[in-house]
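Data block below; observations after.
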Amino acid sequence: MNDILEATSPATSLSGPATCVTKVELRVSCKALLDRDTLNKSDPCVILMVQTNGQWTELDRTEVIKSNLHPVFAKVFSLDYYFEEVQKLRFEVYDIHGTHSIGTRDDDFLGGVECTLGQIVAQKKMVKPLLLKYGKYAGKSTITVHAEEISGNNGYVELSFCAKKLDDKDLFSKSDPFLEIYRINDDETEQLVHRTEVNSLYFLFKTTKQRCLCLPQCLVWDYDSRGKHDFIGEFFATFREMQKISSGNKVTWDCVNPKYKQKKRNYKNSGVVILNDLKLHRVYSFLDYIMGGCQIHFTVAIDFTASNGDPRNSCSLHYINPYQPNEYLKALIAVGEICQDYDSDKRFSALGFGARIPPNYEVSIHVHISALPVICIQGVVEAYQNCLPKIQLYGPTNVAPIITRIAKLAAGDGNIKDASRYHILLILTDGVVTDMADTREAIVRASYQPLSIIIVGVGNADFTDMQILDGDDGVLRSPKGEPVLRDIVQFVPFRDFKTASPAALAKCVLAEVPKQVVEYYSHKAISPMYLNFICIIYY
């Protein structure tokens with residue numbers, strides 16, 4: 001008989017990294033709705049519209065709540081969330097009469113509101129006034145939308161077992177046991193979750209909330225080198241039952257062989273399995289940090305070197321066409337429109353490099369396009385357009401000072417409030433940087449800070465050397481050989497997206513940002529709850 005089997009094997013991952021769409025649930029309520037009925041109160045219903053290719057279509061609708069001007073709807077809207085896209089939503093509230101479809105003459109429009117999904121998740125709870133047609137307020141009516149992330153493997157459980165008095169299945173030696181865990185699916189089929197190493201009952205179990213509450217079936221086997229393993233017994237255990245160990249309780253299960261139990265009258269078990277330890281490890285997502293209070297601070301740095309051409313000439317990359325934005329503006333607007341949803345004060349810094357500035361027209365390491373941070377992306381656009389006639393395009397294309405400056409800003413001064421700020425630096429340039437060695441050094445230093453860098457190559461220059469900074473073909477290193485802590489740079493040439501929509505460019509350059517945010521906070525061991533605590537103190 002096996003007296004005791006201890007857990008001694010190294011940690012084993014149950015599954016490889018899996019990518020999945022982030023799903024968000026939206027819950028809706030309204031207050032002080034207009035009363036359109038003469039004898040009774042309004043019977044409200046909320047319609048959720050989504051914009052696709054410029055067209056609004058209905059995605060879903062809530063139930064109708066009878067005679068209620070302050071409805072709290074039970075219906076939950078479920079949407080796929082993408083940080084790198086502007087997902088436009090519209091909520092419309094109607095007073096419903098009868099059973100016909102919404103939109104008939106009998107239905108009264110009580111108000112609506114437009115927003116983006118990014119705005120909702122950034123605030124976690126969004127409250128907005130309802131508007132009637134032509135922007136008129138619908139009295140004091142408001143709509144409240146709560147957001148909650150519902151998808152993804154948000155953690156894993158580390159379990160360690162030992163076993164006592166397991167049945168011996170070998171003639172001249174003790175059994176060599178291993179454990180298999182199966183999950184019982186909704187259709188009552190079994191799915192293997194993990195198989196431990198031989199002589200070990202220790203494993204990692206990646207889990208979601210739903211999986212934690214399921215009833216796993218655990219099978220104990222005696223290993224056979226020919227693959228004909230002998231069945232020792234089984235037991236069933238709930239995660240809730242396992243959690244009792246945290247209160248100091250002993251958690252054990254009888255390892256039962258159903259055939260023996262049926263045949264032997266005095267049969268009790270084929271051994272006892274004991275839970276030695278249980279550790280819960282939470283893996284936070286990008287939305288956990290955003291909803292916990294993380295603020296995205298956006299800075300743009302624009303290339304003002306002479307190679308762009310005289311802005312007064314229509315061939316210049318900086319030429320301001322009243323009918324069509326230039327490539328600098330297209331890239332700026334595409335990326336900035338998304339980032340602004342995640343910054344509560346919407347104040348952005350706009351810098352330039354490679355220009356001579358008045359009154360002495362000396363070359364400046366970095367030019368302040370605006371003396372003060374500007375409001376929203378449109379403010380950055382206007383500051384850029386106003387700046388062009390006042391400066392002289394010159395050179396060189398040095399971006400290391402810009403990266404160093406923003407990295408220092410991201411590092412902060414040690415104030416705990418700085419922990420809730422993550423920075424995105426968008427560099428727009430028309431050529432390969434002339435300070436490549438210094439830039440590599442600056443990026444390595446910046447990889448330790450809450451910062452992501454997006455570089456968009458404008459024009460038709462050869463940007464081959466810029467791919468080095470991206471790090472996709474290997475780890476970026478400083479001139480001295482030090483590797484980056486995190487991959488924080490994304491480079492794309494704008495010409496690859498000339499015929500595509502601005503949304504395609506934004507999707508490409510911003511797709512890696514959520515992962516970079518999670519990597520930074522995970523490395524610093526900063527939880528979303530800590531960010532939320534900071535927000536409560538300072539806001």
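By convention here, the chains of the structure tokens are called A, B, ... in the order presented, each chain's residues are numbered starting at 1, and ligands are numbered starting at 1 in the order presented.
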
Exercise: segment 375-382 of chain A partners within 10 Å, only C-alpha atoms, chain neighbours under 2 positions left out, as a compact mmCIF listing (two decimals) with N, CA and C atoms, in the first residue's frame:
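The resulting part-v7.txt:
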```
# COMPACT_ATOMS: atom_id res chain seq x y z
N PHE A 298 -2.05 61.00 -23.86
CA PHE A 298 -1.62 60.96 -25.26
C PHE A 298 -0.74 62.17 -25.60
N THR A 299 0.40 61.89 -26.23
CA THR A 299 1.30 62.95 -26.71
C THR A 299 1.65 62.67 -28.16
N VAL A 300 1.65 63.70 -28.99
CA VAL A 300 2.07 63.55 -30.38
C VAL A 300 3.33 64.37 -30.61
N PRO A 325 -7.24 66.35 -45.47
CA PRO A 325 -6.11 66.41 -44.53
C PRO A 325 -4.88 65.72 -45.11
N TYR A 328 0.01 63.55 -42.18
CA TYR A 328 0.27 63.79 -40.75
C TYR A 328 -1.05 63.88 -39.99
N LEU A 329 -1.98 64.65 -40.55
CA LEU A 329 -3.27 64.84 -39.88
C LEU A 329 -4.08 63.55 -39.88
N LEU A 332 -2.64 61.37 -37.16
CA LEU A 332 -2.91 61.98 -35.86
C LEU A 332 -4.36 61.77 -35.44
N ILE A 333 -5.28 62.04 -36.35
CA ILE A 333 -6.71 61.93 -36.02
C ILE A 333 -7.10 60.47 -35.79
N ALA A 334 -6.59 59.57 -36.63
CA ALA A 334 -6.96 58.16 -36.51
C ALA A 334 -6.58 57.58 -35.15
N VAL A 335 -5.38 57.89 -34.67
CA VAL A 335 -4.92 57.35 -33.39
C VAL A 335 -5.48 58.16 -32.22
N GLY A 336 -5.47 59.48 -32.36
CA GLY A 336 -5.90 60.36 -31.27
C GLY A 336 -7.36 60.22 -30.91
N GLU A 337 -8.22 59.98 -31.90
CA GLU A 337 -9.65 59.86 -31.61
C GLU A 337 -9.95 58.69 -30.69
N ILE A 338 -9.13 57.65 -30.78
CA ILE A 338 -9.33 56.50 -29.90
C ILE A 338 -8.76 56.77 -28.51
N CYS A 339 -7.56 57.32 -28.46
CA CYS A 339 -6.90 57.54 -27.17
C CYS A 339 -7.66 58.54 -26.29
N GLN A 340 -8.34 59.51 -26.91
CA GLN A 340 -8.99 60.56 -26.12
C GLN A 340 -10.14 60.03 -25.26
N ASP A 341 -10.69 58.87 -25.63
CA ASP A 341 -11.77 58.30 -24.82
C ASP A 341 -11.30 57.82 -23.46
N ASP A 343 -8.90 59.34 -21.52
CA ASP A 343 -8.28 60.43 -20.74
C ASP A 343 -9.40 61.33 -20.24
N ASP A 345 -9.54 64.23 -18.67
CA ASP A 345 -9.51 65.68 -18.88
C ASP A 345 -9.30 66.07 -20.35
N LYS A 346 -9.02 65.06 -21.20
CA LYS A 346 -8.88 65.29 -22.65
C LYS A 346 -7.82 66.36 -22.98
N ARG A 347 -6.80 66.49 -22.15
CA ARG A 347 -5.73 67.46 -22.40
C ARG A 347 -4.51 66.74 -22.98
N PHE A 348 -4.10 67.14 -24.18
CA PHE A 348 -3.02 66.46 -24.87
C PHE A 348 -1.84 67.38 -25.08
N SER A 349 -0.64 66.78 -25.07
CA SER A 349 0.57 67.53 -25.36
C SER A 349 0.93 67.32 -26.83
N ALA A 350 1.31 68.42 -27.50
CA ALA A 350 1.70 68.36 -28.91
C ALA A 350 3.10 68.95 -29.06
N LEU A 351 4.03 68.13 -29.53
CA LEU A 351 5.42 68.54 -29.68
C LEU A 351 5.86 68.38 -31.14
N ILE A 369 4.20 72.76 -29.88
CA ILE A 369 3.26 73.22 -30.90
C ILE A 369 2.22 74.14 -30.27
N SER A 370 1.92 73.88 -29.02
CA SER A 370 1.02 74.75 -28.26
C SER A 370 1.66 75.03 -26.91
N LEU A 372 0.30 75.47 -24.11
CA LEU A 372 -0.38 74.71 -23.06
C LEU A 372 -0.97 73.45 -23.67
N PRO A 373 -1.22 72.42 -22.84
CA PRO A 373 -1.91 71.24 -23.36
C PRO A 373 -3.23 71.63 -24.00
N TYR A 384 -1.45 72.49 -34.56
CA TYR A 384 -0.51 72.10 -35.62
C TYR A 384 -0.64 73.05 -36.82
N GLN A 385 -1.86 73.30 -37.23
CA GLN A 385 -2.07 74.17 -38.40
C GLN A 385 -1.62 75.61 -38.12
N ASN A 386 -1.83 76.08 -36.90
CA ASN A 386 -1.43 77.45 -36.53
C ASN A 386 0.09 77.56 -36.38
N CYS A 387 0.74 76.46 -36.05
CA CYS A 387 2.19 76.47 -35.80
C CYS A 387 3.01 76.52 -37.09
```

How would you write, as an MDAnalysis selection string, the set of residues in segment 296-482 of chain A that DSSP gives as helix (DSSP H, G or I)?
-> chainID A and resid 306:308 327:342 376:390 400:411 416:420 436:446 464:470

Can you tell me, as a compact mmCIF listing (two decimals) with N, CA, C and O atoms, in the first residue's frame, which residues in segment 127-334 of chain A count as strand (DSSP E or B) by DSSP?
```
# COMPACT_ATOMS: atom_id res chain seq x y z
N VAL A 127 -23.07 58.38 -17.02
CA VAL A 127 -24.37 59.03 -16.86
C VAL A 127 -24.43 60.21 -17.83
O VAL A 127 -23.56 61.08 -17.79
N LYS A 128 -25.45 60.24 -18.69
CA LYS A 128 -25.57 61.31 -19.66
C LYS A 128 -27.02 61.76 -19.77
O LYS A 128 -27.95 60.95 -19.62
N PRO A 129 -27.24 63.06 -20.07
CA PRO A 129 -28.60 63.53 -20.29
C PRO A 129 -29.13 63.01 -21.63
O PRO A 129 -28.38 62.86 -22.59
N LEU A 130 -30.42 62.73 -21.66
CA LEU A 130 -31.04 62.31 -22.91
C LEU A 130 -31.39 63.53 -23.76
O LEU A 130 -31.83 64.56 -23.23
N LEU A 131 -31.19 63.40 -25.05
CA LEU A 131 -31.45 64.50 -25.98
C LEU A 131 -32.56 64.11 -26.95
O LEU A 131 -32.63 62.97 -27.42
N TYR A 137 -32.58 69.17 -24.92
CA TYR A 137 -32.62 68.30 -23.75
C TYR A 137 -34.03 67.76 -23.51
O TYR A 137 -35.02 68.49 -23.64
N ALA A 138 -34.11 66.48 -23.12
CA ALA A 138 -35.40 65.86 -22.82
C ALA A 138 -35.72 66.09 -21.34
O ALA A 138 -35.75 65.17 -20.53
N GLY A 139 -35.94 67.36 -21.01
CA GLY A 139 -36.17 67.72 -19.62
C GLY A 139 -34.97 67.37 -18.76
O GLY A 139 -33.82 67.69 -19.12
N LYS A 140 -35.21 66.71 -17.63
CA LYS A 140 -34.12 66.28 -16.74
C LYS A 140 -33.80 64.80 -16.90
O LYS A 140 -33.15 64.19 -16.04
N SER A 141 -34.23 64.24 -18.01
CA SER A 141 -34.04 62.81 -18.24
C SER A 141 -32.56 62.45 -18.38
O SER A 141 -31.80 63.16 -19.05
N THR A 142 -32.16 61.36 -17.76
CA THR A 142 -30.79 60.87 -17.89
C THR A 142 -30.81 59.36 -18.15
O THR A 142 -31.77 58.67 -17.82
N ILE A 143 -29.72 58.88 -18.72
CA ILE A 143 -29.52 57.45 -18.90
C ILE A 143 -28.20 57.08 -18.25
O ILE A 143 -27.21 57.82 -18.35
N THR A 144 -28.18 55.97 -17.56
CA THR A 144 -26.97 55.47 -16.90
C THR A 144 -26.61 54.11 -17.50
O THR A 144 -27.47 53.23 -17.61
N VAL A 145 -25.36 53.97 -17.88
CA VAL A 145 -24.89 52.71 -18.47
C VAL A 145 -23.71 52.20 -17.64
O VAL A 145 -22.71 52.90 -17.47
N HIS A 146 -23.84 51.00 -17.11
CA HIS A 146 -22.77 50.34 -16.35
C HIS A 146 -22.10 49.33 -17.25
O HIS A 146 -22.77 48.58 -17.97
N ALA A 147 -20.76 49.28 -17.22
CA ALA A 147 -20.01 48.33 -18.03
C ALA A 147 -19.29 47.33 -17.13
O ALA A 147 -18.81 47.67 -16.05
N GLU A 148 -19.23 46.09 -17.60
CA GLU A 148 -18.53 45.05 -16.87
C GLU A 148 -17.93 44.07 -17.86
O GLU A 148 -18.59 43.64 -18.81
N GLU A 149 -16.65 43.74 -17.66
CA GLU A 149 -16.00 42.76 -18.52
C GLU A 149 -16.43 41.36 -18.09
O GLU A 149 -16.50 41.06 -16.90
N GLY A 155 -7.61 34.13 -14.49
CA GLY A 155 -6.77 33.67 -13.41
C GLY A 155 -6.54 32.17 -13.47
O GLY A 155 -6.98 31.49 -14.40
N TYR A 156 -5.85 31.66 -12.47
CA TYR A 156 -5.66 30.23 -12.40
C TYR A 156 -5.55 29.81 -10.94
O TYR A 156 -5.27 30.61 -10.05
N VAL A 157 -5.81 28.54 -10.73
CA VAL A 157 -5.76 27.96 -9.40
C VAL A 157 -4.58 27.01 -9.34
O VAL A 157 -4.39 26.19 -10.24
N GLU A 158 -3.79 27.12 -8.31
CA GLU A 158 -2.66 26.21 -8.09
C GLU A 158 -3.04 25.27 -6.95
O GLU A 158 -3.29 25.70 -5.83
N LEU A 159 -3.12 23.98 -7.26
CA LEU A 159 -3.57 22.98 -6.30
C LEU A 159 -2.45 21.98 -6.02
O LEU A 159 -1.73 21.57 -6.93
N SER A 160 -2.35 21.57 -4.78
CA SER A 160 -1.36 20.57 -4.39
C SER A 160 -2.04 19.53 -3.52
O SER A 160 -2.66 19.85 -2.51
N PHE A 161 -1.96 18.26 -3.96
CA PHE A 161 -2.60 17.16 -3.23
C PHE A 161 -1.53 16.20 -2.70
O PHE A 161 -0.41 16.15 -3.19
N CYS A 162 -1.94 15.38 -1.77
CA CYS A 162 -1.19 14.18 -1.42
C CYS A 162 -2.21 13.07 -1.22
O CYS A 162 -3.41 13.33 -1.10
N ALA A 163 -1.72 11.82 -1.25
CA ALA A 163 -2.64 10.69 -1.11
C ALA A 163 -2.09 9.71 -0.09
O ALA A 163 -0.87 9.52 0.03
N LYS A 164 -2.97 9.06 0.64
CA LYS A 164 -2.59 8.05 1.63
C LYS A 164 -3.28 6.72 1.33
O LYS A 164 -4.44 6.70 0.91
N LYS A 165 -2.53 5.66 1.53
CA LYS A 165 -3.06 4.31 1.46
C LYS A 165 -3.78 4.01 0.16
O LYS A 165 -4.87 3.41 0.13
N LEU A 166 -3.15 4.41 -0.94
CA LEU A 166 -3.70 4.05 -2.24
C LEU A 166 -3.50 2.57 -2.48
O LEU A 166 -2.49 1.99 -2.06
N PRO A 177 1.31 6.47 -8.97
CA PRO A 177 0.05 7.15 -9.29
C PRO A 177 0.23 8.49 -10.01
O PRO A 177 1.25 9.16 -9.88
N PHE A 178 -0.79 8.81 -10.76
CA PHE A 178 -0.94 10.15 -11.33
C PHE A 178 -2.43 10.48 -11.35
O PHE A 178 -3.28 9.59 -11.21
N LEU A 179 -2.71 11.74 -11.50
CA LEU A 179 -4.08 12.23 -11.37
C LEU A 179 -4.54 12.88 -12.67
O LEU A 179 -3.78 13.59 -13.33
N GLU A 180 -5.78 12.61 -13.05
CA GLU A 180 -6.43 13.28 -14.17
C GLU A 180 -7.64 14.04 -13.65
O GLU A 180 -8.41 13.51 -12.85
N ILE A 181 -7.77 15.28 -14.12
CA ILE A 181 -8.95 16.07 -13.75
C ILE A 181 -9.78 16.30 -14.99
O ILE A 181 -9.27 16.71 -16.04
N TYR A 182 -11.08 16.05 -14.86
CA TYR A 182 -12.02 16.28 -15.95
C TYR A 182 -13.05 17.32 -15.52
O TYR A 182 -13.48 17.36 -14.36
N ARG A 183 -13.42 18.15 -16.46
CA ARG A 183 -14.51 19.10 -16.23
C ARG A 183 -15.79 18.52 -16.82
O ARG A 183 -15.78 18.01 -17.94
N ILE A 184 -16.88 18.64 -16.10
CA ILE A 184 -18.17 18.20 -16.59
C ILE A 184 -18.81 19.36 -17.35
O ILE A 184 -19.13 20.39 -16.78
N GLU A 190 -17.57 14.77 -20.58
CA GLU A 190 -16.36 15.03 -19.80
C GLU A 190 -15.27 15.61 -20.69
O GLU A 190 -15.11 15.19 -21.83
N GLN A 191 -14.54 16.55 -20.15
CA GLN A 191 -13.42 17.17 -20.89
C GLN A 191 -12.18 17.16 -20.00
O GLN A 191 -12.20 17.69 -18.88
N LEU A 192 -11.11 16.52 -20.49
CA LEU A 192 -9.87 16.46 -19.72
C LEU A 192 -9.27 17.85 -19.58
O LEU A 192 -9.06 18.55 -20.57
N VAL A 193 -9.02 18.26 -18.35
CA VAL A 193 -8.44 19.58 -18.07
C VAL A 193 -6.94 19.47 -17.84
O VAL A 193 -6.16 20.27 -18.34
N HIS A 194 -6.52 18.43 -17.10
CA HIS A 194 -5.09 18.31 -16.80
C HIS A 194 -4.75 16.89 -16.38
O HIS A 194 -5.55 16.20 -15.76
N ARG A 195 -3.53 16.50 -16.74
CA ARG A 195 -2.98 15.22 -16.30
C ARG A 195 -1.65 15.50 -15.62
O ARG A 195 -0.76 16.11 -16.21
N SER A 200 2.97 12.39 -8.87
CA SER A 200 2.70 13.78 -8.47
C SER A 200 1.22 14.07 -8.57
O SER A 200 0.55 13.67 -9.52
N TYR A 202 0.25 17.34 -8.21
CA TYR A 202 0.38 18.81 -8.14
C TYR A 202 0.16 19.38 -9.53
O TYR A 202 0.71 18.86 -10.50
N PHE A 203 -0.65 20.42 -9.64
CA PHE A 203 -0.87 20.98 -10.97
C PHE A 203 -1.43 22.39 -10.87
O PHE A 203 -1.91 22.83 -9.83
N LEU A 204 -1.36 23.07 -12.02
CA LEU A 204 -1.98 24.38 -12.16
C LEU A 204 -3.26 24.22 -12.96
O LEU A 204 -3.29 23.50 -13.96
N PHE A 205 -4.30 24.91 -12.54
CA PHE A 205 -5.59 24.81 -13.23
C PHE A 205 -6.02 26.21 -13.63
O PHE A 205 -6.43 27.01 -12.81
N LYS A 206 -5.87 26.54 -14.93
CA LYS A 206 -6.36 27.83 -15.41
C LYS A 206 -7.87 27.81 -15.37
O LYS A 206 -8.50 26.86 -15.82
N GLN A 217 -14.34 16.00 -12.01
CA GLN A 217 -14.16 14.60 -11.68
C GLN A 217 -12.67 14.29 -11.70
O GLN A 217 -11.98 14.60 -12.67
N CYS A 218 -12.16 13.70 -10.63
CA CYS A 218 -10.73 13.43 -10.50
C CYS A 218 -10.51 11.93 -10.49
O CYS A 218 -11.11 11.21 -9.67
N LEU A 219 -9.66 11.47 -11.40
CA LEU A 219 -9.35 10.05 -11.51
C LEU A 219 -7.91 9.80 -11.11
O LEU A 219 -7.01 10.52 -11.56
N VAL A 220 -7.67 8.78 -10.29
CA VAL A 220 -6.32 8.40 -9.87
C VAL A 220 -5.96 7.09 -10.55
O VAL A 220 -6.72 6.11 -10.48
N TRP A 221 -4.79 7.09 -11.22
CA TRP A 221 -4.35 5.92 -11.96
C TRP A 221 -2.97 5.46 -11.46
O TRP A 221 -2.20 6.26 -10.94
N ASP A 222 -2.69 4.19 -11.71
CA ASP A 222 -1.34 3.65 -11.51
C ASP A 222 -0.69 3.56 -12.88
O ASP A 222 -1.20 2.88 -13.79
N ASP A 230 -3.56 1.28 -14.70
CA ASP A 230 -4.57 0.66 -13.83
C ASP A 230 -5.35 1.73 -13.08
O ASP A 230 -4.77 2.63 -12.46
N PHE A 231 -6.66 1.60 -13.12
CA PHE A 231 -7.54 2.55 -12.44
C PHE A 231 -7.56 2.26 -10.95
O PHE A 231 -7.83 1.13 -10.52
N ILE A 232 -7.22 3.31 -10.15
CA ILE A 232 -7.23 3.15 -8.69
C ILE A 232 -8.57 3.60 -8.11
O ILE A 232 -9.20 2.89 -7.33
N GLY A 233 -9.00 4.79 -8.49
CA GLY A 233 -10.26 5.29 -7.96
C GLY A 233 -10.55 6.70 -8.43
O GLY A 233 -9.77 7.30 -9.18
N GLU A 234 -11.66 7.23 -7.99
CA GLU A 234 -12.10 8.57 -8.41
C GLU A 234 -12.72 9.31 -7.24
O GLU A 234 -13.13 8.70 -6.24
N PHE A 235 -12.78 10.63 -7.38
CA PHE A 235 -13.52 11.44 -6.42
C PHE A 235 -13.99 12.71 -7.13
O PHE A 235 -13.45 13.11 -8.16
N PHE A 236 -15.03 13.31 -6.59
CA PHE A 236 -15.59 14.55 -7.13
C PHE A 236 -15.38 15.66 -6.11
O PHE A 236 -15.57 15.45 -4.91
N THR A 252 -10.42 16.54 2.55
CA THR A 252 -10.05 15.21 2.07
C THR A 252 -11.20 14.61 1.26
O THR A 252 -12.35 15.01 1.41
N TRP A 253 -10.85 13.63 0.43
CA TRP A 253 -11.84 12.89 -0.33
C TRP A 253 -11.48 11.41 -0.32
O TRP A 253 -10.30 11.04 -0.40
N ASP A 254 -12.48 10.58 -0.23
CA ASP A 254 -12.27 9.14 -0.41
C ASP A 254 -12.06 8.86 -1.89
O ASP A 254 -12.85 9.32 -2.74
N VAL A 256 -12.53 6.44 -4.55
CA VAL A 256 -13.44 5.29 -4.62
C VAL A 256 -13.38 4.63 -5.99
O VAL A 256 -13.43 5.31 -7.02
N VAL A 272 -7.10 7.69 0.31
CA VAL A 272 -7.62 9.01 0.65
C VAL A 272 -6.77 10.08 -0.04
O VAL A 272 -5.52 10.00 0.01
N VAL A 273 -7.42 11.03 -0.67
CA VAL A 273 -6.72 12.15 -1.30
C VAL A 273 -6.92 13.39 -0.44
O VAL A 273 -8.04 13.69 -0.02
N ILE A 274 -5.81 14.06 -0.14
CA ILE A 274 -5.83 15.22 0.76
C ILE A 274 -5.37 16.46 0.01
O ILE A 274 -4.38 16.42 -0.74
N LEU A 275 -6.09 17.54 0.19
CA LEU A 275 -5.68 18.82 -0.41
C LEU A 275 -4.66 19.48 0.51
O LEU A 275 -4.97 19.84 1.65
N ASN A 276 -3.42 19.60 0.02
CA ASN A 276 -2.36 20.23 0.81
C ASN A 276 -2.41 21.74 0.76
O ASN A 276 -2.20 22.42 1.76
N ASP A 277 -2.66 22.26 -0.43
CA ASP A 277 -2.57 23.71 -0.59
C ASP A 277 -3.42 24.16 -1.78
O ASP A 277 -3.61 23.41 -2.75
N LEU A 278 -3.92 25.36 -1.68
CA LEU A 278 -4.67 25.99 -2.77
C LEU A 278 -4.25 27.45 -2.85
O LEU A 278 -4.29 28.17 -1.86
N LYS A 279 -3.83 27.85 -4.04
CA LYS A 279 -3.45 29.25 -4.25
C LYS A 279 -4.22 29.80 -5.43
O LYS A 279 -4.25 29.19 -6.50
N LEU A 280 -4.84 30.94 -5.24
CA LEU A 280 -5.55 31.62 -6.32
C LEU A 280 -4.65 32.71 -6.89
O LEU A 280 -4.13 33.54 -6.16
N HIS A 281 -4.49 32.71 -8.19
CA HIS A 281 -3.69 33.72 -8.87
C HIS A 281 -4.59 34.46 -9.86
O HIS A 281 -5.12 33.85 -10.79
N ARG A 282 -4.77 35.73 -9.64
CA ARG A 282 -5.62 36.53 -10.53
C ARG A 282 -4.77 37.11 -11.65
O ARG A 282 -3.72 37.69 -11.40
N GLN A 295 -5.59 55.96 -16.56
CA GLN A 295 -5.83 57.04 -17.52
C GLN A 295 -4.76 56.98 -18.61
O GLN A 295 -3.57 56.84 -18.32
N ILE A 296 -5.19 57.05 -19.86
CA ILE A 296 -4.26 57.06 -20.99
C ILE A 296 -3.93 58.50 -21.35
O ILE A 296 -4.82 59.27 -21.72
N HIS A 297 -2.66 58.88 -21.22
CA HIS A 297 -2.22 60.23 -21.58
C HIS A 297 -1.54 60.19 -22.95
O HIS A 297 -0.58 59.44 -23.15
N PHE A 298 -2.05 61.00 -23.86
CA PHE A 298 -1.62 60.96 -25.26
C PHE A 298 -0.74 62.17 -25.60
O PHE A 298 -1.09 63.31 -25.29
N THR A 299 0.40 61.89 -26.23
CA THR A 299 1.30 62.95 -26.71
C THR A 299 1.65 62.67 -28.16
O THR A 299 1.93 61.51 -28.52
N VAL A 300 1.65 63.70 -28.99
CA VAL A 300 2.07 63.55 -30.38
C VAL A 300 3.33 64.37 -30.61
O VAL A 300 3.47 65.47 -30.08
N ALA A 301 4.27 63.80 -31.37
CA ALA A 301 5.50 64.50 -31.75
C ALA A 301 5.60 64.47 -33.27
O ALA A 301 5.59 63.39 -33.88
N ILE A 302 5.70 65.65 -33.89
CA ILE A 302 5.63 65.77 -35.35
C ILE A 302 6.97 66.21 -35.92
O ILE A 302 7.64 67.09 -35.39
N ASP A 303 7.33 65.58 -37.03
CA ASP A 303 8.59 65.84 -37.73
C ASP A 303 8.49 67.17 -38.49
O ASP A 303 7.70 67.30 -39.43
N THR A 305 11.25 68.56 -40.05
CA THR A 305 12.52 68.69 -40.78
C THR A 305 12.25 69.15 -42.21
O THR A 305 11.15 68.97 -42.74
N ASN A 321 -4.26 71.27 -47.10
CA ASN A 321 -5.29 71.29 -48.14
C ASN A 321 -6.64 71.52 -47.47
O ASN A 321 -7.03 70.74 -46.59
N GLN A 324 -8.83 68.30 -47.94
CA GLN A 324 -8.39 66.96 -47.55
C GLN A 324 -7.19 67.04 -46.62
O GLN A 324 -6.22 67.72 -46.92
```

Near Pro311 of chain A, counting only C-alpha atoms, which residues have an atom at most 9 Å away, once you skip same-chain residues fewer than 4 positions from it, shown as a list in words?
-> Cys315, Ser316, Leu317, His318, Tyr319, Ile320, Leu388, Pro389 and Leu393 of chain A

Length of the atom CA of Ala407 of chain A to atom CA of Glu482 of chain A vector [Å] =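 That distance, rounded to one decimal, is 17.4 Å.
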
Using only C-alpha atoms, determine which residues lie at most 9 Å from Val484 of chain A, disregarding the query and same-chain residues fewer than 4 positions distant; provide the list as a PyMOL selection string.
-> chain A and resi 443-448+475-478+488

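Minimum distance to Ile65 of chain A across A:Lys88, A:Leu505, A:His97, A:Gly292 (counting only C-alpha atoms) occurs at A:His97.
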
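Between atom CA of Thr429 of chain A and atom CA of Ala306 of chain A there is a distance of 11.4 Å.
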
With distances taken over only C-alpha atoms, which of A:Val492, A:Leu59, A:Ala503, A:Ile526 is nearest to Phe83 of chain A?
->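 The shortest atom-to-atom distance to Phe83 of chain A comes from A:Ala503.
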
Which value, in Å to one decimal, gives the distance between atom CA of Leu510 of chain A and atom CA of Asp496 of chain A?
-> 15.5 Å
